[in-house]
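Q: Here it is: the structure, laid out below.
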Amino acid sequence: MTRSDAIKLIGLIVTTYPNSDKYSSKNAIDDAINAWTEFLADDDVVIVAMALKKHISICKWPPSIAEIKEIIFEICSPDIIPPDEAWAVVAMYIDNSSEYEYLSEPEEYFPMAIAMAIRAVEYRTLRDLRIRRYDHSNKKTGLDRVAFMQAYEPIFERERKNAMLPVSLRKAITHTQITLAGESRQLFDKTRNYLENKRTEKLENRREIQRIDRMTNNLLERHDADS
């Protein structure tokens with residue numbers, strides 16, 4: 001988004017909220033234009049305008065940049081699943097799975113963030129809490145949902161806040177963190193990378209075994225059909 005775009009959008013805000021003191025002076029309007037130009041520079045003006053129009057439609061007060069960023073996130077980040085949606089599908093999976101099933105590789109069915117939350121709680125624990133979600137008086141306790149949410153919400157919030165940052169600022173922060181990382185972070189990252197590689201290798205080996213099993217079954221079926 002350019003400065004020219006910011007001028008038009010701030011003009012729309014001033015027109016839409018004529019009684020607001022936020023843009024009561026030329027200096028205030030200029031400051032807002034400068035801020036929108038800086039913090040929304042990496043965003044598509046069409047999306048920014050869409051976010052602004054949504055805010056205007058539902059809110060009585062002029063938007064802050066953070067509020068616009070949140071709406072942009074909602075529009076542009078459908079792959080970052082909100083907690084309620086995530087739990088609804090995880091609960092559905094548990095309800096439709098066998099009691100003997102153990103979800104050893106949740107990444108096969110869920111996005112990584114949701115899979116991480118399932119791993120943090122452990123699938124068996126989630127399933128047990130799901131089964132016992134009613135107490136002796138048949139009152140719903142919801143401990144299954146609470147356990148999942150406590151694990152997933154911090155992951156979702158990190159991804160949400162990171163997605164809301166301007167790309168240039170995100171890169172600058174990442175570069176600074178890498179530069180300042182000490183022995184603890186380096187050791188942690190080394191261990192994490194090792195475990196992620198092992199998990200990827202395990203998944204690939206499992207998929208290869210499944211592929212071979214399918215090929216073998218197909219050959220056996222053809223053999224039986226020819227016999």
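Note on naming: chains are A, B, ... as they come in the structure tokens, residues start from 1 per chain, ligands start from 1 in the order shown.
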Please report, as a tab-separated table, each residue of range 191-213 of chain A lying at most 10 Å from range 86-109 of chain A, together with the nearest pair of atoms and the separation in Å rounded to one decimal; use only C-alpha atoms, and order rows by chain and ascending residue number.
A:
residue	atom	partner	partner_atom	distance
A:Arg199	CA	A:Glu105	CA	8.9
A:Thr200	CA	A:Glu107	CA	9.9
A:Lys202	CA	A:Glu105	CA	9.4
A:Leu203	CA	A:Glu105	CA	7.7
A:Arg206	CA	A:Glu105	CA	9.9
A:Arg207	CA	A:Glu108	CA	10.0
Q: Write the residues of the selection above to a file with C-alpha atoms, as a PDB file, in the first residue's frame.
A:
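As a result, out.pdb now contains:
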ATOM      1  CA  ARG A 199       9.636 -37.121  12.799  1.00  0.00           C
ATOM      2  CA  THR A 200       9.708 -36.292   9.076  1.00  0.00           C
ATOM      3  CA  LYS A 202       9.437 -41.510  10.419  1.00  0.00           C
ATOM      4  CA  LEU A 203       6.455 -40.173   8.486  1.00  0.00           C
ATOM      5  CA  ARG A 206       5.528 -44.993   7.255  1.00  0.00           C
ATOM      6  CA  ARG A 207       4.135 -43.661   3.983  1.00  0.00           C
TER       7      ARG A 207
END
Q: With only C-alpha atoms counted and 8 Å as the cut-off, give the residues of range 15-115 of chain A in contact with range 151-164 of chain A, each with its shortest interatomic distance in Å and the pair that gives it, as a Markdown table.
A:
| residue | atom | partner | partner_atom | distance |
| --- | --- | --- | --- | --- |
| A:Lys69 | CA | A:Met164 | CA | 5.7 |
| A:Glu70 | CA | A:Met164 | CA | 6.8 |
| A:Ile72 | CA | A:Met164 | CA | 7.8 |
| A:Phe73 | CA | A:Met164 | CA | 6.1 |
| A:Ser77 | CA | A:Ala163 | CA | 7.7 |
| A:Ile80 | CA | A:Phe156 | CA | 7.1 |
| A:Ile81 | CA | A:Phe156 | CA | 7.5 |
| A:Pro82 | CA | A:Phe156 | CA | 7.1 |
| A:Pro83 | CA | A:Glu153 | CA | 6.2 |
| A:Ala113 | CA | A:Ile155 | CA | 6.5 |
| A:Ile114 | CA | A:Tyr152 | CA | 6.6 |
Q: Using C-alpha atoms, can you write the selected residues to a file as a compact mmCIF listing (two decimals), in the first residue's frame?
A:
# COMPACT_ATOMS: atom_id res chain seq x y z
CA LYS A 69 -4.34 -5.86 11.02
CA GLU A 70 -6.59 -8.30 12.89
CA ILE A 72 -6.55 -8.51 7.47
CA PHE A 73 -5.36 -11.59 9.36
CA SER A 77 -4.78 -16.37 6.93
CA ILE A 80 -4.30 -20.57 10.76
CA ILE A 81 -7.32 -22.27 12.28
CA PRO A 82 -9.14 -20.47 15.14
CA PRO A 83 -9.28 -22.46 18.42
CA ALA A 113 -0.24 -26.27 14.88
CA ILE A 114 -3.20 -28.50 15.80
Q: Using only C-alpha atoms for the distances, tell me which of A:Asp44, A:Leu129, A:Phe39, A:Lys8 is nearest to Ala66 in chain A.
A: A:Phe39
Q: Excluding Ile13 in chain A and residues on its chain fewer than 3 positions from it, collect all residues at most 10 Å away from it, counting only C-alpha atoms, and give them as a short mmCIF file (atom, residue, chain, number, x, y, z; two decimals) with N, CA and C atoms, in the first residue's frame.
A:
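What follows is the written file out.cif:
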data_model
loop_
_atom_site.label_atom_id
_atom_site.label_comp_id
_atom_site.auth_asym_id
_atom_site.auth_seq_id
_atom_site.Cartn_x
_atom_site.Cartn_y
_atom_site.Cartn_z
N ILE A 7 -3.72 8.00 2.13
CA ILE A 7 -4.45 9.29 2.15
C ILE A 7 -5.93 9.06 1.85
N LYS A 8 -6.21 8.22 0.85
CA LYS A 8 -7.60 7.94 0.48
C LYS A 8 -8.34 7.22 1.60
N LEU A 9 -7.67 6.25 2.24
CA LEU A 9 -8.33 5.47 3.29
C LEU A 9 -8.55 6.30 4.55
N ILE A 10 -7.56 7.11 4.91
CA ILE A 10 -7.75 7.99 6.07
C ILE A 10 -8.86 9.00 5.78
N THR A 16 -16.33 9.04 7.42
CA THR A 16 -17.26 8.08 8.04
C THR A 16 -17.47 8.36 9.52
N TYR A 17 -16.43 8.89 10.17
CA TYR A 17 -16.52 9.18 11.61
C TYR A 17 -16.34 10.69 11.83
N PRO A 18 -17.27 11.50 11.40
CA PRO A 18 -17.10 12.96 11.44
C PRO A 18 -17.06 13.54 12.85
N SER A 20 -15.53 12.14 15.46
CA SER A 20 -14.39 11.63 16.23
C SER A 20 -13.33 12.72 16.43
N TYR A 23 -9.21 12.57 14.58
CA TYR A 23 -8.69 13.24 13.38
C TYR A 23 -9.20 14.67 13.31
N LEU A 52 -10.98 -2.24 6.24
CA LEU A 52 -11.52 -0.97 6.74
C LEU A 52 -13.04 -0.92 6.58
N LYS A 53 -13.54 -1.35 5.44
CA LYS A 53 -14.99 -1.33 5.21
C LYS A 53 -15.71 -2.27 6.18
N ILE A 56 -15.77 -0.42 9.52
CA ILE A 56 -16.76 0.66 9.47
C ILE A 56 -18.18 0.10 9.60
N TRP A 61 -16.45 3.28 16.28
CA TRP A 61 -15.28 4.12 16.51
C TRP A 61 -14.23 3.89 15.42
N PRO A 62 -13.43 4.91 15.12
CA PRO A 62 -12.38 4.76 14.11
C PRO A 62 -11.42 3.62 14.47
N PRO A 63 -10.88 2.94 13.48
CA PRO A 63 -10.02 1.79 13.77
C PRO A 63 -8.58 2.18 14.09
#
Q: To one decimal in Å, tell me the separation between CA of Val46 in chain A and CA of Lys26 in chain A.
A: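 For CA of Val46 in chain A relative to CA of Lys26 in chain A, the distance reads 25.6 Å.
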Q: Looking at only C-alpha atoms, which of A:Gln150, A:Gln210, A:Ser25, A:Thr2 is the one that sits closest to Asp42 in chain A?
A: A:Thr2
Q: When you look at Ala6 in chain A with a cut-off of 10 Å (counting only C-alpha atoms), what residues show up, excluding the ones that are within fewer than 3 positions of it in the same chain? I need them as a list of chain:residue names.
A: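 The contact residues come out as A:Met1, A:Thr2, A:Arg3, A:Leu9, A:Ile10, A:Gly11, A:Leu12, A:Ala32, A:Ile33, A:Asn34, A:Ala35, A:Trp36, A:Thr37, A:Glu38, A:Leu40, A:Ala41, A:Val45, A:Val48, A:Ala49.
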Q: Take CA of Arg119 in chain A and CA of Pro78 in chain A and report the distance between them in Å, one decimal.
A: 22.4 Å
Q: List every residue of range 27-153 of chain A that DSSP, applied to the backbone of this structure, places in helix (DSSP H, G or I), and write the result as JSON, numbers by chain.
A: {"A": [27, 28, 29, 30, 31, 32, 33, 34, 35, 36, 37, 38, 39, 45, 46, 47, 48, 49, 50, 51, 52, 53, 54, 55, 56, 57, 58, 65, 66, 67, 68, 69, 70, 71, 72, 73, 74, 75, 76, 83, 84, 85, 86, 87, 88, 89, 90, 91, 92, 93, 94, 95, 106, 107, 108, 112, 113, 114, 115, 116, 117, 118, 119, 120, 121, 123, 124, 125, 126, 127, 128, 129, 130, 131, 143, 144, 145, 146, 147, 148, 149, 150, 151, 152, 153]}
Q: Could you tell me how far CA of Ile212 in chain A sits from CA of Asp224 in chain A, in Å to one decimal place?
A: 18.3 Å
Q: Restricting the calculation to only C-alpha atoms: of A:Asp30, A:His223, A:Glu67, A:Phe148, which residue gets closest to Ala120 in chain A?
A: A:Phe148
